[in-house]
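Have a look at structure.pdb below; it lists PDB, C-alpha atoms and all ligand atoms.
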```pdb
ATOM      1  CA  MET A 106       0.000   0.000   0.000
ATOM      2  CA  ARG A 107       1.279   3.455  -0.886
ATOM      3  CA  ALA A 108       1.425   6.344   1.500
ATOM      4  CA  PRO A 109      -1.638   8.592   1.370
ATOM      5  CA  ASP A 110      -1.577  11.458  -1.119
ATOM      6  CA  SER A 111      -3.429  13.923   0.995
ATOM      7  CA  TRP A 112      -4.054  14.608   4.686
ATOM      8  CA  GLU A 113      -6.484  16.670   6.588
ATOM      9  CA  ILE A 114      -4.350  18.428   9.179
ATOM     10  CA  ILE A 115      -5.145  20.222  12.385
ATOM     11  CA  VAL A 116      -2.379  22.534  13.531
ATOM     12  CA  ILE A 117      -2.420  23.714  17.129
ATOM     13  CA  VAL A 118      -0.333  26.826  17.640
ATOM     14  CA  ILE A 119       0.326  28.250  21.100
ATOM     15  CA  VAL A 120       1.452  31.872  21.040
ATOM     16  CA  SER A 121       2.616  34.038  23.931
ATOM     17  CA  PRO A 122       2.461  37.834  24.112
ATOM     18  CA  LEU A 123       6.049  38.079  25.315
ATOM     19  CA  ALA A 124       9.156  35.979  25.475
ATOM     20  CA  ALA A 125      12.755  36.512  26.421
ATOM     21  CA  GLU A 126      16.149  34.916  26.140
ATOM     22  CA  LEU A 127      17.563  35.053  29.653
ATOM     23  CA  PRO A 128      21.035  34.142  30.877
ATOM     24  CA  VAL A 129      20.646  31.539  33.634
ATOM     25  CA  LEU A 130      23.115  30.973  36.488
ATOM     26  CA  MET A 131      23.578  27.281  37.286
ATOM     27  CA  PHE A 132      24.545  26.456  40.856
ATOM     28  CA  GLN A 133      25.285  22.749  40.542
ATOM     29  CA  SER A 134      25.107  21.325  44.080
ATOM     30  CA  LYS A 135      25.603  23.101  47.398
ATOM     31  CA  THR A 136      29.120  24.481  47.829
ATOM     32  CA  ASP A 137      30.791  27.139  49.969
ATOM     33  CA  SER A 138      32.287  28.726  46.855
ATOM     34  CA  LYS A 139      29.668  29.316  44.134
ATOM     35  CA  TYR A 140      28.042  32.736  44.189
ATOM     36  CA  ALA A 141      27.153  35.740  42.056
ATOM     37  CA  ARG A 142      27.466  39.311  43.331
ATOM     38  CA  LEU A 143      25.451  42.318  42.189
ATOM     39  CA  LEU A 144      27.739  45.097  40.967
ATOM     40  CA  ARG A 145      25.135  47.750  41.743
ATOM     41  CA  ALA A 146      24.867  49.797  44.925
ATOM     42  CA  LEU A 147      21.408  49.702  46.456
ATOM     43  CA  PRO A 148      19.771  52.814  47.923
ATOM     44  CA  LEU A 149      18.310  53.133  51.415
ATOM     45  CA  LEU A 150      15.214  50.909  51.354
ATOM     46  CA  PRO A 151      11.993  52.027  53.069
ATOM     47  CA  GLY A 152      10.441  49.089  51.235
ATOM     48  CA  VAL A 153      11.627  46.452  48.798
ATOM     49  CA  THR A 154      10.449  43.851  46.288
ATOM     50  CA  VAL A 155      12.797  41.163  44.992
ATOM     51  CA  CYS A 156      11.698  38.739  42.267
ATOM     52  CA  ALA A 157      13.477  35.948  40.387
ATOM     53  CA  HIS A 158      12.861  32.799  38.392
ATOM     54  CA  VAL A 159      14.105  29.811  40.388
ATOM     55  CA  GLN A 160      14.587  26.168  39.421
ATOM     56  CA  TRP A 161      15.132  24.351  42.705
ATOM     57  CA  ASP A 162      17.326  21.247  42.790
ATOM     58  CA  ARG A 163      14.949  18.504  44.006
ATOM     59  CA  ARG A 164      17.789  16.411  45.384
ATOM     60  CA  SER A 165      19.209  19.282  47.408
ATOM     61  CA  PRO A 166      18.821  18.690  51.154
ATOM     62  CA  GLY A 167      17.994  21.278  53.814
ATOM     63  CA  ILE A 168      18.031  25.042  53.489
ATOM     64  CA  GLY A 169      19.043  26.914  50.341
ATOM     65  CA  THR A 170      19.732  30.660  50.285
ATOM     66  CA  ILE A 171      18.333  32.197  47.101
ATOM     67  CA  PHE A 172      19.878  35.584  47.887
ATOM     68  CA  SER A 173      21.350  37.440  50.849
ATOM     69  CA  TYR A 174      21.945  41.146  51.333
ATOM     70  CA  ALA A 175      24.427  42.229  54.016
ATOM     71  CA  VAL A 176      25.444  45.646  55.288
ATOM     72  CA  PRO A 177      28.345  46.307  57.705
ATOM     73  CA  GLU A 178      25.962  46.946  60.635
ATOM     74  CA  PHE A 179      23.776  43.915  59.846
ATOM     75  CA  LEU A 180      24.796  40.757  57.981
ATOM     76  CA  ASN A 181      21.245  39.404  57.632
ATOM     77  CA  ALA A 182      19.771  42.664  56.328
ATOM     78  CA  LEU A 183      17.575  40.927  53.743
ATOM     79  CA  GLN A 184      17.427  37.319  52.734
ATOM     80  CA  LEU A 185      15.157  34.837  50.971
ATOM     81  CA  ARG A 186      15.697  31.186  51.728
ATOM     82  CA  GLY A 187      13.876  27.969  51.008
ATOM     83  CA  ARG A 188      13.767  24.405  52.183
ATOM     84  CA  GLY A 189      12.508  21.403  50.268
ATOM     85  CA  GLU A 190      10.105  19.433  52.394
ATOM     86  CA  GLY A 191       7.289  16.971  51.640
ATOM     87  CA  GLY A 192       7.093  17.698  47.925
ATOM     88  CA  TRP A 193       7.110  21.476  48.459
ATOM     89  CA  VAL A 194       9.737  24.154  48.717
ATOM     90  CA  GLN A 195       8.800  26.371  51.653
ATOM     91  CA  LEU A 196      10.098  29.933  51.734
ATOM     92  CA  ALA A 197      11.101  32.347  54.495
ATOM     93  CA  LEU A 198      12.170  35.981  54.511
ATOM     94  CA  ILE A 199      14.702  37.617  56.813
ATOM     95  CA  VAL A 200      14.724  41.400  57.371
ATOM     96  CA  GLN A 201      17.441  42.875  59.633
ATOM     97  CA  GLY A 202      17.856  39.563  61.424
ATOM     98  CA  HIS A 203      14.118  38.968  61.923
ATOM     99  CA  HIS A 204      13.203  35.582  60.446
ATOM    100  CA  THR A 205       9.642  34.769  59.300
ATOM    101  CA  ALA A 206       8.325  31.207  59.582
ATOM    102  CA  TYR A 207       8.743  28.960  56.540
ATOM    103  CA  GLY A 208       5.490  29.155  54.583
ATOM    104  CA  ALA A 209       3.863  27.969  51.371
ATOM    105  CA  GLY A 210       6.184  28.271  48.394
ATOM    106  CA  PHE A 211       6.088  26.137  45.263
ATOM    107  CA  ARG A 212       6.072  22.461  44.329
ATOM    108  CA  ASN A 213       9.455  20.769  44.563
ATOM    109  CA  ASP A 214       9.002  19.468  41.010
ATOM    110  CA  GLY A 215      12.190  20.604  39.280
ATOM    111  CA  HIS A 216      10.277  23.144  37.154
ATOM    112  CA  TRP A 217      10.864  26.883  36.966
ATOM    113  CA  HIS A 218       8.928  28.991  39.469
ATOM    114  CA  HIS A 219       8.612  32.762  39.732
ATOM    115  CA  VAL A 220       9.232  33.924  43.285
ATOM    116  CA  CYS A 221       8.802  37.409  44.805
ATOM    117  CA  ALA A 222       9.322  38.762  48.310
ATOM    118  CA  THR A 223       8.122  42.176  49.491
ATOM    119  CA  TRP A 224       8.586  44.158  52.683
ATOM    120  CA  GLN A 225       7.879  47.713  53.770
ATOM    121  CA  ALA A 226       8.740  49.783  56.836
ATOM    122  CA  GLY A 227       5.140  51.024  57.213
ATOM    123  CA  GLY A 228       3.469  48.357  59.367
ATOM    124  CA  GLY A 229       6.420  46.021  58.716
ATOM    125  CA  THR A 230       4.177  44.246  56.219
ATOM    126  CA  TRP A 231       5.769  41.477  54.167
ATOM    127  CA  ALA A 232       4.672  38.820  51.711
ATOM    128  CA  ILE A 233       6.141  35.989  49.690
ATOM    129  CA  TYR A 234       4.620  35.156  46.297
ATOM    130  CA  ALA A 235       5.136  32.100  44.146
ATOM    131  CA  ASP A 236       3.952  32.006  40.525
ATOM    132  CA  GLY A 237       1.833  35.142  41.024
ATOM    133  CA  ALA A 238      -0.052  33.928  44.120
ATOM    134  CA  GLU A 239       0.527  34.983  47.718
ATOM    135  CA  GLY A 240       1.990  32.127  49.764
ATOM    136  CA  SER A 241       2.579  33.710  53.149
ATOM    137  CA  SER A 242       2.447  37.210  54.581
ATOM    138  CA  GLY A 243       2.496  39.087  57.860
ATOM    139  CA  ARG A 244       2.962  42.374  59.705
ATOM    140  CA  GLY A 245       5.321  43.877  62.254
ATOM    141  CA  LEU A 246       8.549  42.672  60.611
ATOM    142  CA  TYR A 247      11.221  45.307  61.387
ATOM    143  CA  GLN A 248       8.443  47.907  61.424
ATOM    144  CA  GLY A 249       9.194  51.604  60.909
ATOM    145  CA  GLN A 250      12.888  51.247  60.078
ATOM    146  CA  HIS A 251      14.758  51.258  56.783
ATOM    147  CA  ILE A 252      17.170  48.727  55.314
ATOM    148  CA  PRO A 253      20.554  50.454  54.769
ATOM    149  CA  GLY A 254      21.931  50.954  51.270
ATOM    150  CA  ASN A 255      25.355  50.187  49.727
ATOM    151  CA  GLY A 256      25.441  46.615  51.037
ATOM    152  CA  SER A 257      26.599  43.368  49.486
ATOM    153  CA  PHE A 258      23.927  41.517  47.495
ATOM    154  CA  ILE A 259      24.841  37.867  46.775
ATOM    155  CA  LEU A 260      22.925  35.166  44.908
ATOM    156  CA  GLY A 261      23.253  31.569  46.064
ATOM    157  CA  GLN A 262      24.897  32.045  49.475
ATOM    158  CA  ASP A 263      24.280  33.221  53.014
ATOM    159  CA  GLN A 264      26.938  35.750  54.099
ATOM    160  CA  ASP A 265      28.439  35.172  57.538
ATOM    161  CA  SER A 266      30.793  38.094  56.917
ATOM    162  CA  LEU A 267      30.281  41.011  54.534
ATOM    163  CA  GLY A 268      30.554  39.441  51.051
ATOM    164  CA  GLY A 269      31.954  36.107  52.265
ATOM    165  CA  SER A 270      32.203  33.280  54.862
ATOM    166  CA  PHE A 271      29.790  31.074  52.947
ATOM    167  CA  ALA A 272      28.633  27.707  54.310
ATOM    168  CA  SER A 273      27.694  24.866  51.965
ATOM    169  CA  ASN A 274      24.834  23.674  54.206
ATOM    170  CA  GLU A 275      22.986  26.975  53.590
ATOM    171  CA  ALA A 276      23.978  27.350  49.923
ATOM    172  CA  PHE A 277      21.540  27.233  47.011
ATOM    173  CA  SER A 278      21.558  24.417  44.482
ATOM    174  CA  GLY A 279      19.659  24.930  41.235
ATOM    175  CA  ASN A 280      19.201  27.601  38.588
ATOM    176  CA  VAL A 281      18.379  31.302  38.903
ATOM    177  CA  THR A 282      17.579  34.010  36.382
ATOM    178  CA  GLY A 283      15.630  37.217  35.908
ATOM    179  CA  LEU A 284      16.369  38.879  39.248
ATOM    180  CA  SER A 285      14.609  42.263  39.619
ATOM    181  CA  LEU A 286      14.510  44.663  42.559
ATOM    182  CA  TRP A 287      12.252  47.581  43.416
ATOM    183  CA  ALA A 288      12.792  50.074  46.231
ATOM    184  CA  ARG A 289       9.197  49.662  47.443
ATOM    185  CA  ALA A 290       6.709  46.917  48.206
ATOM    186  CA  LEU A 291       4.654  46.196  45.098
ATOM    187  CA  ASP A 292       0.980  45.435  45.676
ATOM    188  CA  THR A 293      -0.946  42.247  44.886
ATOM    189  CA  GLY A 294      -2.107  43.441  41.465
ATOM    190  CA  GLN A 295       1.403  44.471  40.423
ATOM    191  CA  LEU A 296       2.815  41.151  41.616
ATOM    192  CA  ALA A 297       0.176  39.192  39.716
ATOM    193  CA  GLY A 298       1.109  41.283  36.658
ATOM    194  CA  LEU A 299       4.778  40.375  37.119
ATOM    195  CA  SER A 300       4.059  36.696  36.728
ATOM    196  CA  VAL A 301       2.723  37.490  33.239
ATOM    197  CA  CYS A 302       5.794  39.620  32.511
ATOM    198  CA  TRP A 303       4.347  43.075  33.078
ATOM    199  CA  ARG A 304       7.106  44.981  34.864
ATOM    200  CA  PRO A 305       6.134  48.016  36.956
ATOM    201  CA  PRO A 306       8.712  50.678  36.047
ATOM    202  CA  ARG A 307       8.514  52.970  39.083
ATOM    203  CA  SER A 308      11.279  52.431  41.709
ATOM    204  CA  LEU A 309      12.873  49.628  39.688
ATOM    205  CA  ILE A 310      16.475  49.565  40.965
ATOM    206  CA  TYR A 311      17.859  46.400  39.352
ATOM    207  CA  THR A 312      17.104  44.360  36.239
ATOM    208  CA  TRP A 313      18.874  41.163  35.230
ATOM    209  CA  SER A 314      22.006  41.570  33.171
ATOM    210  CA  MET A 315      25.306  39.673  33.120
ATOM    211  CA  HIS A 316      27.120  43.042  32.916
ATOM    212  CA  THR A 317      25.986  43.943  36.417
ATOM    213  CA  LEU A 318      27.001  40.636  38.008
ATOM    214  CA  GLN A 319      30.296  39.254  39.187
ATOM    215  CA  VAL A 320      29.914  35.502  38.714
ATOM    216  CA  GLU A 321      32.259  33.077  40.470
ATOM    217  CA  PRO A 322      33.965  31.078  37.648
ATOM    218  CA  THR A 323      32.576  27.635  38.553
ATOM    219  CA  VAL A 324      28.987  28.903  38.284
ATOM    220  CA  ARG A 325      28.032  27.916  34.758
ATOM    221  CA  THR A 326      25.753  30.058  32.627
ATOM    222  CA  VAL A 327      23.331  29.003  29.941
ATOM    223  CA  THR A 328      20.795  30.991  27.933
ATOM    224  CA  LEU A 329      17.208  29.783  28.122
ATOM    225  CA  HIS A 330      14.069  30.897  26.362
ATOM    226  CA  PHE A 331      11.327  32.007  28.756
ATOM    227  CA  HIS A 332       7.793  32.651  27.694
ATOM    228  CA  CYS A 333       5.202  34.432  29.731
ATOM    229  CA  PRO A 334       1.906  32.939  30.779
ATOM    230  CA  GLY A 335      -1.147  34.524  29.186
ATOM    231  CA  THR A 336      -0.850  32.353  26.109
ATOM    232  CA  THR A 337      -3.367  31.929  23.303
ATOM    233  CA  VAL A 338      -4.094  28.631  21.613
ATOM    234  CA  TYR A 339      -5.134  28.555  17.951
ATOM    235  CA  THR A 340      -6.603  25.456  16.308
ATOM    236  CA  LEU A 341      -6.317  25.705  12.529
ATOM    237  CA  LYS A 342      -7.469  23.215   9.891
ATOM    238  CA  SER A 343      -6.136  22.693   6.387
ATOM    239  CA  HIS A 344      -5.170  20.094   3.815
ATOM    240  CA  CYS A 345      -1.780  19.111   2.566
ATOM    241  CA  GLY A 346      -0.017  16.252   0.827
ATOM    242  CA  ARG A 347       1.553  15.198  -2.411
ATOM    243  CA  ILE A 348      -1.224  16.377  -4.726
ATOM    244  CA  VAL A 349      -1.873  19.616  -2.869
ATOM    245  CA  GLU A 350       0.701  21.778  -1.110
ATOM    246  CA  PRO A 351       3.524  20.056   0.824
ATOM    247  CA  CYS A 352       2.613  19.703   4.501
ATOM    248  CA  SER A 353       5.707  21.482   5.841
ATOM    249  CA  SER A 354       4.918  24.704   3.973
ATOM    250  CA  VAL A 355       1.226  24.589   4.970
ATOM    251  CA  VAL A 356       2.158  24.198   8.658
ATOM    252  CA  ARG A 357       4.660  27.068   8.387
ATOM    253  CA  ALA A 358       2.059  29.323   6.783
ATOM    254  CA  LEU A 359      -0.558  28.509   9.448
ATOM    255  CA  ALA A 360       1.911  29.091  12.285
ATOM    256  CA  SER A 361       3.018  32.470  10.957
ATOM    257  CA  GLN A 362      -0.633  33.449  10.544
ATOM    258  CA  ALA A 363      -1.177  32.745  14.270
ATOM    259  CA  ARG A 364       1.994  34.473  15.393
ATOM    260  CA  GLY A 365       1.200  38.010  14.307
ATOM    261  CA  PRO A 366       3.075  41.105  15.522
ATOM    262  CA  GLY A 367       4.450  41.061  19.077
ATOM    263  CA  ARG A 368       3.520  37.420  19.675
ATOM    264  CA  TYR A 369       5.912  34.537  19.903
ATOM    265  CA  ILE A 370       5.283  30.896  19.059
ATOM    266  CA  VAL A 371       5.626  28.669  22.088
ATOM    267  CA  GLN A 372       4.609  25.360  20.539
ATOM    268  CA  VAL A 373       3.248  23.976  17.273
ATOM    269  CA  SER A 374       1.649  20.545  17.228
ATOM    270  CA  LEU A 375       0.200  18.714  14.286
ATOM    271  CA  LEU A 376      -2.563  16.119  14.050
ATOM    272  CA  HIS A 377      -3.242  14.556  10.680
ATOM    273  CA  THR A 378      -5.632  12.014   9.218
ATOM    274  CA  PRO A 379      -5.179  10.463   5.786
ATOM    275  CA  LEU A 380      -7.923  11.613   3.387
ATOM    276  CA  PHE A 381      -7.502   9.115   0.583
ATOM    277  CA  THR A 382      -4.957   6.832  -1.000
ATOM    278  CA  GLN A 383      -4.650   6.291  -4.761
ATOM    279  CA  GLN A 384      -4.687   2.557  -5.599
TER     280      GLN A 384
HETATM  281  C1  LIG B 401      19.554  23.897  35.306
HETATM  282  O1  LIG B 401      19.445  24.173  33.937
HETATM  283  C2  LIG B 401      20.097  23.229  33.119
HETATM  284  C3  LIG B 401      19.959  23.721  31.690
HETATM  285  O2  LIG B 401      18.616  23.898  31.330
HETATM  286  C4  LIG B 401      19.501  21.860  33.343
HETATM  287  O3  LIG B 401      20.189  20.893  32.559
HETATM  288  C5  LIG B 401      19.600  21.477  34.814
HETATM  289  O4  LIG B 401      18.960  20.249  35.050
HETATM  290  C6  LIG B 401      18.945  22.562  35.650
HETATM  291  N1  LIG B 401      19.146  22.272  37.068
HETATM  292  C7  LIG B 401      18.131  22.005  37.886
HETATM  293  C8  LIG B 401      18.502  21.754  39.298
HETATM  294  O5  LIG B 401      16.959  21.967  37.537
HETATM  295  C1  LIG B 402      26.581  54.925  49.396
HETATM  296  O1  LIG B 402      27.943  55.312  49.408
HETATM  297  C2  LIG B 402      28.191  56.547  48.762
HETATM  298  C3  LIG B 402      29.683  56.777  48.712
HETATM  299  O2  LIG B 402      30.263  56.533  49.957
HETATM  300  C4  LIG B 402      27.435  57.650  49.499
HETATM  301  O3  LIG B 402      27.620  58.882  48.843
HETATM  302  C5  LIG B 402      25.941  57.326  49.524
HETATM  303  O4  LIG B 402      25.248  58.278  50.285
HETATM  304  C6  LIG B 402      25.711  55.933  50.108
HETATM  305  N1  LIG B 402      24.300  55.592  49.969
HETATM  306  C7  LIG B 402      23.591  55.002  50.909
HETATM  307  C8  LIG B 402      22.157  54.748  50.602
HETATM  308  O5  LIG B 402      24.042  54.654  51.966
END
```

For the structure just supplied, provide its representation as structure tokens.
Ligand SMILES: *[C@@H]1O[C@H](CO)[C@@H](O)[C@H](O)[C@H]1NC(C)=O
Ligand SMILES: *[C@@H]1O[C@H](CO)[C@@H](O)[C@H](O)[C@H]1NC(C)=O
Amino acid sequence: MRAPDSWEIIVIVIVSPLAAELPVLMFQSKTDSKYARLLRALPLLPGVTVCAHVQWDRRSPGIGTIFSYAVPEFLNALQLRGRGEGGWVQLALIVQGHHTAYGAGFRNDGHWHHVCATWQAGGGTWAIYADGAEGSSGRGLYQGQHIPGNGSFILGQDQDSLGGSFASNEAFSGNVTGLSLWARALDTGQLAGLSVCWRPPRSLIYTWSMHTLQVEPTVRTVTLHFHCPGTTVYTLKSHCGRIVEPCSSVVRALASQARGPGRYIVQVSLLHTPLFTQQ
């Protein structure tokens, strides 16, 4: 029997409004040596929001420090740490030495998760968000005081001295990218917007760039393609085959029709059924 001459095809195209190529830092296993340092001075912080994409190492035991910010007067000025437990990664925030309880974070599933932490002097209100949803929050954390500027901001390690004295048992293992910082606490709506890649411009004090990072040489980097949620799915039907247009060009034409300006293709899948076969 010969192969069919024509197919009815259904092309499913998933497009996203935004996508980005981001350099990713890979912290392979917990060490006392791997880190990345921000080469930007931070201002005095009456409030702060820190967000990043994190891929947690499922096999990594105990606590992992996603970032730590130390100033000469206070080593634990600001810190976000997690611990993998019972299928979840729980997260806790530290502000000027005051440690919140570990609360709901994200599934310990090896996938990428978008994590944000906010704090403000007014009321000492704080919150930790994972994938756009509030996990834990509270009040009265270092209320009424400001976090000093000009400190040492380090990814992947807890600092037991200013910019150093790392301990492997509190180090981060996994991948990190897309760190952003604001000098104020963003609200729930703005944080939900962030998870679909809308970036509030006001008070933005740091955006991810390899030029503003000092990366310890054994931390490997890789570039990955990130797409934002808020995707659209198109289901398009056509015919293709030997006696009509070749299938590859029909699929290409349908996909580019779905893409349109300012939209990126996330995935194209193809279902086909033979229409008829010439005997
Ligand atoms: C980090 O990213 C690399 C490249 O995508 C991947 O091979 C590795 O498994 C990731 N690490 C973790 C802990 O997910
Ligand atoms: C940071 O240091 C510079 C230079 O010493 C100083 O002018 C500035 O006021 C400091 N900023 C903060 C927020 O401490």

Residue among A:Arg142, A:His216, A:Lys135, A:His158 lying closest to ligand LIG 401 (chain B), counting only C-alpha atoms and all ligand atoms: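 Closest to ligand LIG 401 (chain B) of all the choices is A:His216.
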
Among the residues A:Val194, A:Ile199, A:Leu267, A:Ala209, the one that comes closest to A:Val176 [using only C-alpha atoms]: A:Leu267

Minimum-distance residue to A:Leu260, chosen among A:Trp231, A:Tyr174, A:Tyr140, A:Tyr311 (using all atoms listed in the file):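 Counting all atoms listed in the file, the residue closest to A:Leu260 is A:Tyr140.
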
Neighbourhood of ligand LIG 401 (chain B) at 7 Å, counting only C-alpha atoms and all ligand atoms, reported as a PyMOL selection string: chain A and resi 131+133+160-163+215-216+278-280+327+329

Reference answer for the PyMOL selection byres (((chain A and resi 244) around 9) and not hetatm), as number ranges by chain: A: 228-232, 242-243, 245-248

Expected file contents, prior selection, C-alpha atoms, as a PDB file, in the coordinates of the input:
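This is the output file result_9.pdb:
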```pdb
ATOM      1  CA  GLY A 228       3.469  48.357  59.367  1.00  0.00           C
ATOM      2  CA  GLY A 229       6.420  46.021  58.716  1.00  0.00           C
ATOM      3  CA  THR A 230       4.177  44.246  56.219  1.00  0.00           C
ATOM      4  CA  TRP A 231       5.769  41.477  54.167  1.00  0.00           C
ATOM      5  CA  ALA A 232       4.672  38.820  51.711  1.00  0.00           C
ATOM      6  CA  SER A 242       2.447  37.210  54.581  1.00  0.00           C
ATOM      7  CA  GLY A 243       2.496  39.087  57.860  1.00  0.00           C
ATOM      8  CA  GLY A 245       5.321  43.877  62.254  1.00  0.00           C
ATOM      9  CA  LEU A 246       8.549  42.672  60.611  1.00  0.00           C
ATOM     10  CA  TYR A 247      11.221  45.307  61.387  1.00  0.00           C
ATOM     11  CA  GLN A 248       8.443  47.907  61.424  1.00  0.00           C
TER      12      GLN A 248
END
```

Protein/DNA/RNA residues near (4.9, 23.8, 19.3), cut 7 Å, only C-alpha atoms, as a list in words: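 Every polymer residue passing the test: Val118, Ile119, Val371, Gln372, Val373 and Ser374 of chain A.
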
Among the residues A:Ala363, A:Ile252, A:Val220, A:Ile114, the one that comes closest to ligand LIG 402 (chain B) [using all atoms listed in the file]: A:Ile252

Selection near A:Ser266, 7 Å with all atoms listed in the file, sequence-local residues under 3 positions removed, as a VMD selection string: chain A and resid 180 269 to 270

Take the selection from the previous step and output its residues with C-alpha atoms, as a short mmCIF file (atom, residue, chain, number, x, y, z; two decimals), in the coordinates of the input.
```cif
data_model
loop_
_atom_site.label_atom_id
_atom_site.label_comp_id
_atom_site.auth_asym_id
_atom_site.auth_seq_id
_atom_site.Cartn_x
_atom_site.Cartn_y
_atom_site.Cartn_z
CA LEU A 180 24.80 40.76 57.98
CA GLY A 269 31.95 36.11 52.26
CA SER A 270 32.20 33.28 54.86
#
```

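The nearest approach to ligand LIG 402 (chain B) among the residues A:His251, A:Arg186, A:His330, A:His316, with all atoms listed in the file taken into account, belongs to A:His251.
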
Could you list, as an mmCIF file with C-alpha atoms, in the frame of the given file, every residue matched by the PyMOL selection byres (((chain A and resi 192) around 10) and not hetatm) in this structure?
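Result file is selection-v8.cif:
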```cif
data_model
loop_
_atom_site.group_PDB
_atom_site.id
_atom_site.type_symbol
_atom_site.label_atom_id
_atom_site.label_comp_id
_atom_site.auth_asym_id
_atom_site.auth_seq_id
_atom_site.Cartn_x
_atom_site.Cartn_y
_atom_site.Cartn_z
ATOM 1 C CA ARG A 163 14.949 18.504 44.006
ATOM 2 C CA GLY A 189 12.508 21.403 50.268
ATOM 3 C CA GLU A 190 10.105 19.433 52.394
ATOM 4 C CA GLY A 191 7.289 16.971 51.640
ATOM 5 C CA TRP A 193 7.110 21.476 48.459
ATOM 6 C CA VAL A 194 9.737 24.154 48.717
ATOM 7 C CA GLN A 195 8.800 26.371 51.653
ATOM 8 C CA PHE A 211 6.088 26.137 45.263
ATOM 9 C CA ARG A 212 6.072 22.461 44.329
ATOM 10 C CA ASN A 213 9.455 20.769 44.563
ATOM 11 C CA ASP A 214 9.002 19.468 41.010
#
```

Between atom CA of A:Glu239 and atom CA of A:Asp292 - distance in Å to one decimal: 10.7 Å

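Minimum atom-to-atom distance to A:Trp112, evaluated using only C-alpha atoms, belongs to A:Cys345 out of A:Val129, A:Cys345, A:Leu375, A:Val355.
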
Atom CA of A:Gly187 to atom CA of A:Ile168, distance in Å rounded to a single decimal: 5.7 Å

All residues having an atom within 8 Å of ligand LIG 402 (chain B) (all atoms listed in the file) as number ranges by chain: A: 146-150, 253-255

Give me a file of those residues, with C-alpha atoms, as a PDB file, in the coordinates of the input.
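The new file out_2.pdb reads:
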```pdb
ATOM      1  CA  ALA A 146      24.867  49.797  44.925  1.00  0.00           C
ATOM      2  CA  LEU A 147      21.408  49.702  46.456  1.00  0.00           C
ATOM      3  CA  PRO A 148      19.771  52.814  47.923  1.00  0.00           C
ATOM      4  CA  LEU A 149      18.310  53.133  51.415  1.00  0.00           C
ATOM      5  CA  LEU A 150      15.214  50.909  51.354  1.00  0.00           C
ATOM      6  CA  PRO A 253      20.554  50.454  54.769  1.00  0.00           C
ATOM      7  CA  GLY A 254      21.931  50.954  51.270  1.00  0.00           C
ATOM      8  CA  ASN A 255      25.355  50.187  49.727  1.00  0.00           C
TER       9      ASN A 255
END
```

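The residue set within 10 Å of A:Cys352, counting only C-alpha atoms and dropping same-chain residues fewer than 3 places from it, reads Ser111, Trp112, Glu113, Ile114, Ser343, His344, Cys345, Gly346, Arg347, Val349, Val355, Val356, Arg357, Ala358 and His377 of chain A.
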
Size and centre in Å, one decimal, axis-aligned box, all listed stretch 294-300 of chain A atoms plus 4 Å per side, as JSON:
```
{"center_x": 1.3, "center_y": 40.6, "center_z": 39.1, "size_x": 14.9, "size_y": 15.8, "size_z": 13.0}
```
